[in-house]
>>> print(open('coords29.cif').read())   # mmCIF, C-alpha atoms; chains and numbers go by the auth columns
data_run
loop_
_atom_site.group_PDB
_atom_site.id
_atom_site.type_symbol
_atom_site.label_atom_id
_atom_site.label_comp_id
_atom_site.label_asym_id
_atom_site.label_seq_id
_atom_site.Cartn_x
_atom_site.Cartn_y
_atom_site.Cartn_z
_atom_site.B_iso_or_equiv
_atom_site.auth_seq_id
_atom_site.auth_asym_id
ATOM 1 C CA MET A 1 -34.694 -11.182 44.144 0.00 154 J
ATOM 2 C CA GLY A 2 -31.458 -11.861 45.989 0.00 155 J
ATOM 3 C CA ALA A 3 -30.430 -14.366 43.323 0.00 156 J
ATOM 4 C CA ASP A 4 -31.071 -11.788 40.595 0.00 157 J
ATOM 5 C CA LEU A 5 -28.871 -9.271 42.356 0.00 158 J
ATOM 6 C CA VAL A 6 -26.065 -11.816 42.562 0.00 159 J
ATOM 7 C CA LYS A 7 -26.379 -12.500 38.826 0.00 160 J
ATOM 8 C CA ASN A 8 -26.151 -8.807 38.001 0.00 161 J
ATOM 9 C CA VAL A 9 -23.041 -8.161 40.092 0.00 162 J
ATOM 10 C CA LYS A 10 -20.092 -7.439 37.820 0.00 163 J
ATOM 11 C CA ARG A 11 -17.171 -9.560 38.873 0.00 164 J
ATOM 12 C CA THR A 12 -13.783 -8.281 37.754 0.00 165 J
ATOM 13 C CA SER A 13 -10.639 -10.377 38.125 0.00 166 J
ATOM 14 C CA ASN A 14 -7.673 -8.984 40.003 0.00 167 J
ATOM 15 C CA ASN A 15 -5.704 -9.818 36.862 0.00 168 J
ATOM 16 C CA PRO A 16 -6.195 -7.713 33.713 0.00 169 J
ATOM 17 C CA THR A 17 -7.537 -9.074 30.453 0.00 170 J
ATOM 18 C CA LYS A 18 -5.258 -7.106 28.116 0.00 171 J
ATOM 19 C CA ASP A 19 -1.742 -8.417 27.591 0.00 172 J
ATOM 20 C CA SER A 20 -0.179 -4.978 27.978 0.00 173 J
ATOM 21 C CA ASP A 21 -1.972 -4.443 31.301 0.00 174 J
ATOM 22 C CA VAL A 22 -0.679 -7.777 32.582 0.00 175 J
ATOM 23 C CA GLY A 23 2.852 -6.630 31.788 0.00 176 J
ATOM 24 C CA THR A 24 2.373 -3.275 33.513 0.00 177 J
ATOM 25 C CA LEU A 25 0.869 -4.910 36.605 0.00 178 J
ATOM 26 C CA GLY A 26 3.686 -7.443 36.635 0.00 179 J
ATOM 27 C CA LEU A 27 6.304 -4.702 36.860 0.00 180 J
ATOM 28 C CA SER A 28 4.436 -3.101 39.766 0.00 181 J
ATOM 29 C CA VAL A 29 4.124 -6.399 41.633 0.00 182 J
ATOM 30 C CA ALA A 30 7.793 -7.230 41.026 0.00 183 J
ATOM 31 C CA GLY A 31 8.838 -3.879 42.512 0.00 184 J
ATOM 32 C CA GLN A 32 6.617 -4.242 45.578 0.00 185 J
ATOM 33 C CA TRP A 33 7.699 -7.823 46.182 0.00 186 J
ATOM 34 C CA LYS A 34 11.371 -6.854 45.911 0.00 187 J
ATOM 35 C CA ALA A 35 10.840 -4.191 48.587 0.00 188 J
ATOM 36 C CA LYS A 36 9.151 -6.733 50.893 0.00 189 J
ATOM 37 C CA PRO A 37 11.338 -9.862 50.801 0.00 190 J
ATOM 38 C CA GLN A 38 9.599 -11.272 53.899 0.00 191 J
ATOM 39 C CA PHE A 39 6.846 -12.564 51.602 0.00 192 J
ATOM 40 C CA THR A 40 7.884 -15.848 50.028 0.00 193 J
ATOM 41 C CA LEU A 41 6.400 -18.585 47.866 0.00 194 J
ATOM 42 C CA LEU A 42 7.924 -22.055 47.802 0.00 195 J
ATOM 43 C CA TRP A 43 7.630 -22.567 44.047 0.00 196 J
ATOM 44 C CA ILE A 44 8.848 -19.203 42.702 0.00 197 J
ATOM 45 C CA THR A 45 11.144 -16.500 44.070 0.00 198 J
ATOM 46 C CA GLN A 46 10.924 -12.754 43.502 0.00 199 J
ATOM 47 C CA PRO A 47 13.971 -12.726 41.155 0.00 200 J
ATOM 48 C CA GLN A 48 12.510 -15.621 39.150 0.00 201 J
ATOM 49 C CA TYR A 49 9.153 -13.869 38.920 0.00 202 J
ATOM 50 C CA GLU A 50 10.787 -10.593 37.845 0.00 203 J
ATOM 51 C CA GLU A 51 12.667 -12.462 35.120 0.00 204 J
ATOM 52 C CA VAL A 52 9.398 -13.958 33.867 0.00 205 J
ATOM 53 C CA VAL A 53 7.787 -10.486 33.787 0.00 206 J
ATOM 54 C CA THR A 54 10.754 -9.041 31.888 0.00 207 J
ATOM 55 C CA LYS A 55 10.665 -11.858 29.322 0.00 208 J
ATOM 56 C CA TYR A 56 6.901 -11.445 28.999 0.00 209 J
ATOM 57 C CA ASN A 57 7.140 -7.730 28.238 0.00 210 J
ATOM 58 C CA ASP A 58 10.051 -8.250 25.835 0.00 211 J
ATOM 59 C CA THR A 59 8.137 -11.003 24.018 0.00 212 J
ATOM 60 C CA LEU A 60 4.988 -8.901 23.874 0.00 213 J
ATOM 61 C CA ASN A 61 6.838 -5.916 22.398 0.00 214 J
ATOM 62 C CA LEU A 62 8.632 -8.081 19.847 0.00 215 J
ATOM 63 C CA ARG A 63 5.358 -9.725 18.814 0.00 216 J
ATOM 64 C CA LYS A 64 3.755 -6.322 18.296 0.00 217 J
ATOM 65 C CA SER A 65 6.635 -5.029 16.184 0.00 218 J
ATOM 66 C CA THR A 66 6.787 -8.248 14.154 0.00 219 J
ATOM 67 C CA GLY A 67 3.030 -8.214 13.619 0.00 220 J
ATOM 68 C CA GLY A 68 3.271 -4.629 12.396 0.00 221 J
ATOM 69 C CA GLY A 69 5.731 -5.777 9.730 0.00 222 J
ATOM 70 C CA ARG A 70 3.247 -8.422 8.618 0.00 223 J
ATOM 71 C CA LYS A 71 0.664 -5.728 7.842 0.00 224 J
ATOM 72 C CA GLU A 72 3.125 -4.034 5.495 0.00 225 J
ATOM 73 C CA ILE A 73 3.789 -7.309 3.671 0.00 226 J
ATOM 74 C CA THR A 74 0.063 -8.009 3.380 0.00 227 J
ATOM 75 C CA LYS A 75 -0.507 -4.567 1.907 0.00 228 J
ATOM 76 C CA LYS A 76 2.210 -5.097 -0.709 0.00 229 J
ATOM 77 C CA LEU A 77 0.740 -8.485 -1.652 0.00 230 J
ATOM 78 C CA SER A 78 -2.680 -6.867 -2.073 0.00 231 J
ATOM 79 C CA VAL A 79 -1.197 -4.359 -4.518 0.00 232 J
ATOM 80 C CA TYR A 80 0.399 -7.191 -6.489 0.00 233 J
ATOM 81 C CA ASP A 81 -2.887 -9.111 -6.488 0.00 234 J
ATOM 82 C CA LYS A 82 -4.598 -6.149 -8.108 0.00 235 J
ATOM 83 C CA ASP A 83 -1.839 -5.869 -10.730 0.00 236 J
ATOM 84 C CA ILE A 84 -2.053 -9.593 -11.409 0.00 237 J
ATOM 85 C CA ASP A 85 -5.815 -9.448 -11.903 0.00 238 J
ATOM 86 C CA GLU A 86 -5.352 -6.614 -14.400 0.00 239 J
ATOM 87 C CA ALA A 87 -2.641 -8.584 -16.175 0.00 240 J
ATOM 88 C CA ILE A 88 -4.859 -11.670 -16.447 0.00 241 J
ATOM 89 C CA ALA A 89 -7.548 -9.481 -17.992 0.00 242 J
ATOM 90 C CA GLY A 90 -4.906 -8.352 -20.463 0.00 243 J
ATOM 91 C CA ILE A 91 -3.920 -11.959 -21.235 0.00 244 J
ATOM 92 C CA LYS A 92 -7.559 -12.815 -21.913 0.00 245 J
ATOM 93 C CA GLY A 93 -7.680 -9.884 -24.312 0.00 246 J
ATOM 94 C CA TYR A 94 -4.604 -11.172 -26.145 0.00 247 J
ATOM 95 C CA LEU A 95 -6.246 -14.581 -26.506 0.00 248 J
ATOM 96 C CA VAL A 96 -9.480 -13.091 -27.831 0.00 249 J
ATOM 97 C CA TYR A 97 -7.545 -11.055 -30.379 0.00 250 J
ATOM 98 C CA LYS A 98 -5.473 -14.039 -31.532 0.00 251 J
ATOM 99 C CA TYR A 99 -7.988 -16.893 -31.343 0.00 252 J
ATOM 100 C CA GLU A 100 -11.375 -15.115 -31.395 0.00 253 J
ATOM 101 C CA LYS A 101 -13.698 -14.698 -28.415 0.00 254 J
ATOM 102 C CA LYS A 102 -15.465 -18.061 -28.773 0.00 255 J
ATOM 103 C CA ASN A 103 -12.178 -19.984 -28.748 0.00 256 J
ATOM 104 C CA ALA A 104 -10.256 -17.997 -26.123 0.00 257 J
ATOM 105 C CA PRO A 105 -11.572 -19.845 -23.004 0.00 258 J
ATOM 106 C CA SER A 106 -10.154 -23.153 -24.225 0.00 259 J
ATOM 107 C CA TYR A 107 -6.653 -21.711 -23.751 0.00 260 J
ATOM 108 C CA TYR A 108 -7.243 -20.315 -20.247 0.00 261 J
ATOM 109 C CA PRO A 109 -6.075 -23.419 -18.323 0.00 262 J
ATOM 110 C CA GLN A 110 -2.634 -23.086 -19.925 0.00 263 J
ATOM 111 C CA PHE A 111 -2.340 -19.744 -18.081 0.00 264 J
ATOM 112 C CA GLY A 112 -3.647 -21.105 -14.783 0.00 265 J
ATOM 113 C CA ILE A 113 -6.999 -19.396 -15.328 0.00 266 J
ATOM 114 C CA GLY A 114 -9.909 -21.321 -13.841 0.00 267 J
ATOM 115 C CA HIS A 115 -13.702 -21.129 -14.037 0.00 268 J
ATOM 116 C CA VAL A 116 -15.155 -19.777 -10.771 0.00 269 J
ATOM 117 C CA GLY A 117 -18.896 -19.190 -10.930 0.00 270 J
ATOM 118 C CA SER A 118 -19.481 -17.029 -13.980 0.00 271 J
ATOM 119 C CA LEU A 119 -15.893 -15.778 -14.047 0.00 272 J
ATOM 120 C CA TYR A 120 -12.623 -16.992 -15.483 0.00 273 J
ATOM 121 C CA ILE A 121 -9.950 -15.900 -13.030 0.00 274 J
ATOM 122 C CA LEU A 122 -6.625 -16.790 -11.471 0.00 275 J
ATOM 123 C CA PRO A 123 -7.133 -18.485 -8.080 0.00 276 J
ATOM 124 C CA ARG A 124 -7.629 -16.070 -5.155 0.00 277 J
ATOM 125 C CA ASP A 125 -5.688 -18.344 -2.849 0.00 278 J
ATOM 126 C CA ARG A 126 -2.168 -16.934 -2.830 0.00 279 J
ATOM 127 C CA ASN A 127 -0.425 -20.307 -2.704 0.00 280 J
ATOM 128 C CA LYS A 128 -2.376 -21.477 -5.764 0.00 281 J
ATOM 129 C CA ARG A 129 -1.731 -18.139 -7.420 0.00 282 J
ATOM 130 C CA LYS A 130 1.984 -18.560 -6.788 0.00 283 J
ATOM 131 C CA ASP A 131 1.863 -22.059 -8.297 0.00 284 J
ATOM 132 C CA ALA A 132 0.309 -20.611 -11.464 0.00 285 J
ATOM 133 C CA PHE A 133 3.277 -18.370 -12.278 0.00 286 J
ATOM 134 C CA PRO A 134 5.365 -21.063 -14.049 0.00 287 J
ATOM 135 C CA LEU A 135 2.337 -21.939 -16.213 0.00 288 J
ATOM 136 C CA ILE A 136 1.841 -18.312 -17.175 0.00 289 J
ATOM 137 C CA LEU A 137 5.507 -17.771 -18.001 0.00 290 J
ATOM 138 C CA ASP A 138 5.521 -20.815 -20.295 0.00 291 J
ATOM 139 C CA ALA A 139 2.185 -19.927 -21.887 0.00 292 J
ATOM 140 C CA VAL A 140 2.992 -16.293 -22.751 0.00 293 J
ATOM 141 C CA VAL A 141 6.017 -17.520 -24.706 0.00 294 J
ATOM 142 C CA LYS A 142 4.165 -20.436 -26.291 0.00 295 J
ATOM 143 C CA HIS A 143 1.385 -18.185 -27.576 0.00 296 J
ATOM 144 C CA GLY A 144 3.664 -15.371 -28.707 0.00 297 J
ATOM 145 C CA PHE A 145 2.871 -12.840 -25.965 0.00 298 J
ATOM 146 C CA GLY A 146 6.373 -12.676 -24.507 0.00 299 J
ATOM 147 C CA ASP A 147 7.064 -9.131 -25.668 0.00 300 J
ATOM 148 C CA GLU A 148 3.662 -7.745 -24.751 0.00 301 J
ATOM 149 C CA LYS A 149 2.975 -5.481 -21.746 0.00 302 J
ATOM 150 C CA TYR A 150 1.851 -8.518 -19.777 0.00 303 J
ATOM 151 C CA GLY A 151 4.456 -10.808 -21.248 0.00 304 J
ATOM 152 C CA THR A 152 7.640 -12.429 -19.972 0.00 305 J
ATOM 153 C CA GLY A 153 9.143 -9.321 -18.354 0.00 306 J
ATOM 154 C CA PHE A 154 6.037 -8.510 -16.348 0.00 307 J
ATOM 155 C CA TRP A 155 5.466 -12.037 -15.100 0.00 308 J
ATOM 156 C CA GLN A 156 9.100 -12.728 -14.228 0.00 309 J
ATOM 157 C CA THR A 157 9.327 -9.594 -12.094 0.00 310 J
ATOM 158 C CA THR A 158 5.902 -10.132 -10.550 0.00 311 J
ATOM 159 C CA ALA A 159 6.566 -13.789 -9.774 0.00 312 J
ATOM 160 C CA GLU A 160 9.938 -13.069 -8.128 0.00 313 J
ATOM 161 C CA ASN A 161 8.564 -10.264 -5.951 0.00 314 J
ATOM 162 C CA TYR A 162 5.359 -12.095 -5.087 0.00 315 J
ATOM 163 C CA VAL A 163 7.143 -15.289 -4.057 0.00 316 J
ATOM 164 C CA ALA A 164 9.657 -13.279 -2.003 0.00 317 J
ATOM 165 C CA LEU A 165 6.814 -11.523 -0.163 0.00 318 J
ATOM 166 C CA MET A 166 5.053 -14.849 0.420 0.00 319 J
ATOM 167 C CA ASP A 167 8.243 -16.257 1.945 0.00 320 J
ATOM 168 C CA GLN A 168 8.595 -13.187 4.167 0.00 321 J
ATOM 169 C CA ALA A 169 4.977 -13.508 5.266 0.00 322 J
ATOM 170 C CA SER A 170 5.479 -17.173 6.124 0.00 323 J
ATOM 171 C CA LYS A 171 8.555 -16.423 8.237 0.00 324 J
ATOM 172 C CA VAL A 172 6.791 -13.584 10.050 0.00 325 J
ATOM 173 C CA ASP A 173 3.751 -15.773 10.717 0.00 326 J
ATOM 174 C CA GLY A 174 6.012 -18.454 12.171 0.00 327 J
ATOM 175 C CA THR A 175 7.812 -15.950 14.376 0.00 328 J
ATOM 176 C CA VAL A 176 4.563 -14.413 15.615 0.00 329 J
ATOM 177 C CA SER A 177 3.130 -17.866 16.346 0.00 330 J
ATOM 178 C CA ASN A 178 6.184 -18.771 18.427 0.00 331 J
ATOM 179 C CA LYS A 179 6.074 -15.470 20.291 0.00 332 J
ATOM 180 C CA VAL A 180 2.374 -15.850 21.037 0.00 333 J
ATOM 181 C CA SER A 181 2.962 -19.356 22.416 0.00 334 J
ATOM 182 C CA SER A 182 5.849 -18.142 24.583 0.00 335 J
ATOM 183 C CA LYS A 183 3.891 -15.104 25.741 0.00 336 J
ATOM 184 C CA ASN A 184 0.914 -17.221 26.739 0.00 337 J
ATOM 185 C CA GLU A 185 3.047 -19.570 28.851 0.00 338 J
ATOM 186 C CA LEU A 186 4.752 -16.648 30.604 0.00 339 J
ATOM 187 C CA ARG A 187 1.369 -15.043 31.243 0.00 340 J
ATOM 188 C CA LYS A 188 0.119 -18.198 32.960 0.00 341 J
ATOM 189 C CA THR A 189 3.042 -18.025 35.379 0.00 342 J
ATOM 190 C CA ILE A 190 2.456 -14.330 36.049 0.00 343 J
ATOM 191 C CA VAL A 191 -1.258 -14.767 36.736 0.00 344 J
ATOM 192 C CA LYS A 192 -0.646 -17.813 38.937 0.00 345 J
ATOM 193 C CA THR A 193 1.935 -15.854 40.945 0.00 346 J
ATOM 194 C CA HIS A 194 -0.411 -12.887 41.303 0.00 347 J
ATOM 195 C CA ASN A 195 -3.172 -15.094 42.669 0.00 348 J
ATOM 196 C CA ALA A 196 -0.808 -16.719 45.144 0.00 349 J
ATOM 197 C CA LEU A 197 0.540 -13.352 46.330 0.00 350 J
ATOM 198 C CA ILE A 198 -2.979 -11.968 46.795 0.00 351 J
ATOM 199 C CA TYR A 199 -3.821 -14.908 49.094 0.00 352 J
ATOM 200 C CA LEU A 200 -0.543 -14.332 50.928 0.00 353 J
ATOM 201 C CA LEU A 201 -1.298 -10.648 51.438 0.00 354 J
ATOM 202 C CA ARG A 202 -4.852 -11.416 52.549 0.00 355 J
ATOM 203 C CA ALA A 203 -3.486 -13.827 55.150 0.00 356 J
ATOM 204 C CA ASN A 204 -1.011 -11.277 56.497 0.00 357 J
ATOM 205 C CA TYR A 205 -3.308 -8.244 56.339 0.00 358 J
ATOM 206 C CA PRO A 206 -6.753 -9.654 57.167 0.00 359 J
ATOM 207 C CA ASP A 207 -8.232 -6.224 57.958 0.00 360 J
ATOM 208 C CA THR A 208 -6.474 -4.006 55.412 0.00 361 J
ATOM 209 C CA TYR A 209 -5.638 -6.382 52.542 0.00 362 J
ATOM 210 C CA LYS A 210 -7.806 -4.471 50.052 0.00 363 J
ATOM 211 C CA SER A 211 -5.705 -1.327 50.378 0.00 364 J
ATOM 212 C CA VAL A 212 -2.490 -3.370 50.497 0.00 365 J
ATOM 213 C CA ILE A 213 -3.120 -5.197 47.242 0.00 366 J
ATOM 214 C CA ARG A 214 -3.943 -1.845 45.651 0.00 367 J
ATOM 215 C CA GLU A 215 -0.488 -0.659 46.709 0.00 368 J
ATOM 216 C CA TRP A 216 0.931 -3.640 44.885 0.00 369 J
ATOM 217 C CA GLY A 217 -0.842 -2.538 41.709 0.00 370 J
ATOM 218 C CA PHE A 218 -4.061 -4.574 41.794 0.00 371 J
ATOM 219 C CA GLN A 219 -6.365 -1.704 40.906 0.00 372 J
ATOM 220 C CA LYS A 220 -9.189 -3.247 38.899 0.00 373 J
ATOM 221 C CA GLU A 221 -10.685 0.067 37.792 0.00 374 J
ATOM 222 C CA LYS A 222 -7.562 0.679 35.709 0.00 375 J
ATOM 223 C CA TYR A 223 -8.066 -2.444 33.652 0.00 376 J
#
>>> encode(input="coords29.cif", output="structure tokens")
Amino acid sequence: MGADLVKNVKRTSNNPTKDSDVGTLGLSVAGQWKAKPQFTLLWITQPQYEEVVTKYNDTLNLRKSTGGGRKEITKKLSVYDKDIDEAIAGIKGYLVYKYEKKNAPSYYPQFGIGHVGSLYILPRDRNKRKDAFPLILDAVVKHGFGDEKYGTGFWQTTAENYVALMDQASKVDGTVSNKVSSKNELRKTIVKTHNALIYLLRANYPDTYKSVIREWGFQKEKY
């Protein structure tokens, strides 16, 4: 029975799980440590720790704002994908009208249209879709559809905007990836420092350390 009770005990770390909570706790710890310079660690000083916390919070905020921009780009690409699918349906209609329904599929590859299951569609993968634009632009001219609704004008504008959005998305993804990597490394330093300081406070306040570490911001019920 004792073993079962041990298994059911909820163990919560003194360090938060959420990134934002780590940043908030870090600021609290930095302030408390600055007010009590008698506590020292050999491998990191209070000013160095405070700098790490500041960089961590700055990186976290920048990652959030950059990631928010990515959602907007993704939404715009989704709108273009819908327009492109409608345009491909239009192209298929042009081919049926010009070459008859039974012959139309033989011309699909010239427009980048592939056979997926029971459907003839443009690839869903956006990189492959982007690669299909030059084929479509050549084919609409070759088959005399250049002046149609889904002719040269439509595909030139769509291709330019789509490729531009893809480039933006790639740059944002790269920036976010770098920020996440930097944030994770800074977090490791913060957590390691917190653990070391908790041991230091426990050693100096053997009877009251629980209330002391709460003063420093280690209040597990808040995270």
>>> closest_atom_pairs(input="coords29.cif", of="range 277-361 of chain J", to="range 174-189 of chain J", cutoff="12 Å", atoms="all atoms listed in the file", output="CSV")
residue,atom,partner,partner_atom,distance
J:Lys336,CA,J:Gly176,CA,10.5
J:Asn337,CA,J:Val175,CA,11.2
J:Leu339,CA,J:Gly176,CA,10.3
J:Arg340,CA,J:Val175,CA,7.7
J:Lys341,CA,J:Val175,CA,10.5
J:Thr342,CA,J:Gly179,CA,10.7
J:Ile343,CA,J:Gly179,CA,7.0
J:Val344,CA,J:Val175,CA,8.2
J:Lys345,CA,J:Gly179,CA,11.5
J:Thr346,CA,J:Gly179,CA,9.6
J:His347,CA,J:Val182,CA,7.9
J:Asn348,CA,J:Val182,CA,11.4
J:Ala349,CA,J:Val182,CA,12.0
J:Leu350,CA,J:Trp186,CA,9.0
J:Ile351,CA,J:Val182,CA,10.4
J:Leu353,CA,J:Trp186,CA,11.5
J:Leu354,CA,J:Trp186,CA,10.8
>>> closest_residue(input="coords29.cif", among="J:Lys229, J:Arg216, J:Lys375, J:Lys332", to="Met319 in chain J", atoms="only C-alpha atoms")
J:Lys229
>>> axis_aligned_box(input="coords29.cif", around="range 314-328 of chain J", padding_each_side="6 Å", output="AutoDock Vina command-line options")
--center_x 6.7 --center_y -14.4 --center_z 4.2 --size_x 17.9 --size_y 20.2 --size_z 32.3
>>> resolve_selection(input="coords29.cif", expression="the PyMOL selection byres ((chain J and resi 251-261) around 10)", output="VMD selection string")
chain J and resid 241 244 to 250 262 to 268 273 to 275 289 292 296 to 297
>>> write_last_selection(input="coords29.cif", atoms="C-alpha atoms", output="short mmCIF file (atom, residue, chain, number, x, y, z; two decimals), in the coordinates of the input")
data_model
loop_
_atom_site.label_atom_id
_atom_site.label_comp_id
_atom_site.auth_asym_id
_atom_site.auth_seq_id
_atom_site.Cartn_x
_atom_site.Cartn_y
_atom_site.Cartn_z
CA ILE J 241 -4.86 -11.67 -16.45
CA ILE J 244 -3.92 -11.96 -21.24
CA LYS J 245 -7.56 -12.82 -21.91
CA GLY J 246 -7.68 -9.88 -24.31
CA TYR J 247 -4.60 -11.17 -26.14
CA LEU J 248 -6.25 -14.58 -26.51
CA VAL J 249 -9.48 -13.09 -27.83
CA TYR J 250 -7.54 -11.06 -30.38
CA PRO J 262 -6.08 -23.42 -18.32
CA GLN J 263 -2.63 -23.09 -19.92
CA PHE J 264 -2.34 -19.74 -18.08
CA GLY J 265 -3.65 -21.10 -14.78
CA ILE J 266 -7.00 -19.40 -15.33
CA GLY J 267 -9.91 -21.32 -13.84
CA HIS J 268 -13.70 -21.13 -14.04
CA TYR J 273 -12.62 -16.99 -15.48
CA ILE J 274 -9.95 -15.90 -13.03
CA LEU J 275 -6.62 -16.79 -11.47
CA ILE J 289 1.84 -18.31 -17.18
CA ALA J 292 2.18 -19.93 -21.89
CA HIS J 296 1.38 -18.18 -27.58
CA GLY J 297 3.66 -15.37 -28.71
#
>>> closest_residue(input="coords29.cif", among="J:Arg279, J:Asp360, J:Gly306, J:Asp172", to="Tyr209 in chain J", atoms="all atoms listed in the file")
J:Asp172
>>> resolve_selection(input="coords29.cif", expression="the PyMOL selection byres ((chain J and resi 314) around 12)", output="VMD selection string")
chain J and resid 226 229 to 230 232 to 234 237 283 286 307 to 313 315 to 321
>>> write_last_selection(input="coords29.cif", atoms="C-alpha atoms", output="PDB file, in the frame of the given file")
ATOM      1  CA  ILE J 226       3.789  -7.309   3.671  1.00  0.00           C
ATOM      2  CA  LYS J 229       2.210  -5.097  -0.709  1.00  0.00           C
ATOM      3  CA  LEU J 230       0.740  -8.485  -1.652  1.00  0.00           C
ATOM      4  CA  VAL J 232      -1.197  -4.359  -4.518  1.00  0.00           C
ATOM      5  CA  TYR J 233       0.399  -7.191  -6.489  1.00  0.00           C
ATOM      6  CA  ASP J 234      -2.887  -9.111  -6.488  1.00  0.00           C
ATOM      7  CA  ILE J 237      -2.053  -9.593 -11.409  1.00  0.00           C
ATOM      8  CA  LYS J 283       1.984 -18.560  -6.788  1.00  0.00           C
ATOM      9  CA  PHE J 286       3.277 -18.370 -12.278  1.00  0.00           C
ATOM     10  CA  PHE J 307       6.037  -8.510 -16.348  1.00  0.00           C
ATOM     11  CA  TRP J 308       5.466 -12.037 -15.100  1.00  0.00           C
ATOM     12  CA  GLN J 309       9.100 -12.728 -14.228  1.00  0.00           C
ATOM     13  CA  THR J 310       9.327  -9.594 -12.094  1.00  0.00           C
ATOM     14  CA  THR J 311       5.902 -10.132 -10.550  1.00  0.00           C
ATOM     15  CA  ALA J 312       6.566 -13.789  -9.774  1.00  0.00           C
ATOM     16  CA  GLU J 313       9.938 -13.069  -8.128  1.00  0.00           C
ATOM     17  CA  TYR J 315       5.359 -12.095  -5.087  1.00  0.00           C
ATOM     18  CA  VAL J 316       7.143 -15.289  -4.057  1.00  0.00           C
ATOM     19  CA  ALA J 317       9.657 -13.279  -2.003  1.00  0.00           C
ATOM     20  CA  LEU J 318       6.814 -11.523  -0.163  1.00  0.00           C
ATOM     21  CA  MET J 319       5.053 -14.849   0.420  1.00  0.00           C
ATOM     22  CA  ASP J 320       8.243 -16.257   1.945  1.00  0.00           C
ATOM     23  CA  GLN J 321       8.595 -13.187   4.167  1.00  0.00           C
TER      24      GLN J 321
END
>>> atom_distance(input="coords29.cif", atom1="CA of Leu194 in chain J", atom2="CA of Arg367 in chain J")
19.8 Å
>>> resolve_selection(input="coords29.cif", expression="the PyMOL selection byres ((chain J and resi 199) around 8)", output="list in words")
Ala183, Trp186, Lys187, Pro190, Thr193, Ile197, Thr198, Pro200, Gln201, Tyr202 and Glu203 of chain J
>>> closest_residue(input="coords29.cif", among="J:Arg277, J:Arg355, J:Lys171, J:Arg223", to="Ser323 in chain J", atoms="all atoms listed in the file")
J:Arg223
>>> atom_distance(input="coords29.cif", atom1="CA of Lys217 in chain J", atom2="CA of Val329 in chain J")
8.6 Å
>>> atom_distance(input="coords29.cif", atom1="CA of Glu204 in chain J", atom2="CA of Asn331 in chain J")
19.0 Å
>>> closest_residue(input="coords29.cif", among="J:Ser330, J:Thr305, J:Gln372, J:Ser335", to="Lys208 in chain J", atoms="all atoms listed in the file")
J:Ser335
>>> closest_residue(input="coords29.cif", among="J:Ser173, J:Asn357, J:Ser271, J:Asn167", to="Val206 in chain J", atoms="all atoms listed in the file")
J:Ser173
>>> build_atoms(input="coords29.cif", residues="range 196-207 of chain J", atoms="N, CA and C atoms", output="tab-separated table (two decimals), keeping the file's coordinate frame")
chain	number	residue	atom	x	y	z
J	196	TRP	N	7.42	-22.10	45.42
J	196	TRP	CA	7.63	-22.57	44.05
J	196	TRP	C	8.19	-21.51	43.10
J	197	ILE	N	8.24	-20.25	43.53
J	197	ILE	CA	8.85	-19.20	42.70
J	197	ILE	C	9.36	-18.09	43.60
J	198	THR	N	10.56	-17.59	43.29
J	198	THR	CA	11.14	-16.50	44.07
J	198	THR	C	10.88	-15.17	43.38
J	199	GLN	N	11.12	-14.08	44.10
J	199	GLN	CA	10.92	-12.75	43.50
J	199	GLN	C	11.81	-12.55	42.28
J	200	PRO	N	13.13	-12.89	42.34
J	200	PRO	CA	13.97	-12.73	41.16
J	200	PRO	C	13.48	-13.55	39.96
J	201	GLN	N	13.02	-14.78	40.24
J	201	GLN	CA	12.51	-15.62	39.15
J	201	GLN	C	11.25	-15.01	38.54
J	202	TYR	N	10.39	-14.51	39.40
J	202	TYR	CA	9.15	-13.87	38.92
J	202	TYR	C	9.48	-12.63	38.09
J	203	GLU	N	10.42	-11.82	38.57
J	203	GLU	CA	10.79	-10.59	37.84
J	203	GLU	C	11.37	-10.93	36.48
J	204	GLU	N	12.11	-12.03	36.41
J	204	GLU	CA	12.67	-12.46	35.12
J	204	GLU	C	11.55	-12.87	34.16
J	205	VAL	N	10.55	-13.55	34.69
J	205	VAL	CA	9.40	-13.96	33.87
J	205	VAL	C	8.67	-12.72	33.34
J	206	VAL	N	8.47	-11.72	34.19
J	206	VAL	CA	7.79	-10.49	33.79
J	206	VAL	C	8.58	-9.76	32.70
J	207	THR	N	9.90	-9.71	32.88
J	207	THR	CA	10.75	-9.04	31.89
J	207	THR	C	10.68	-9.75	30.54
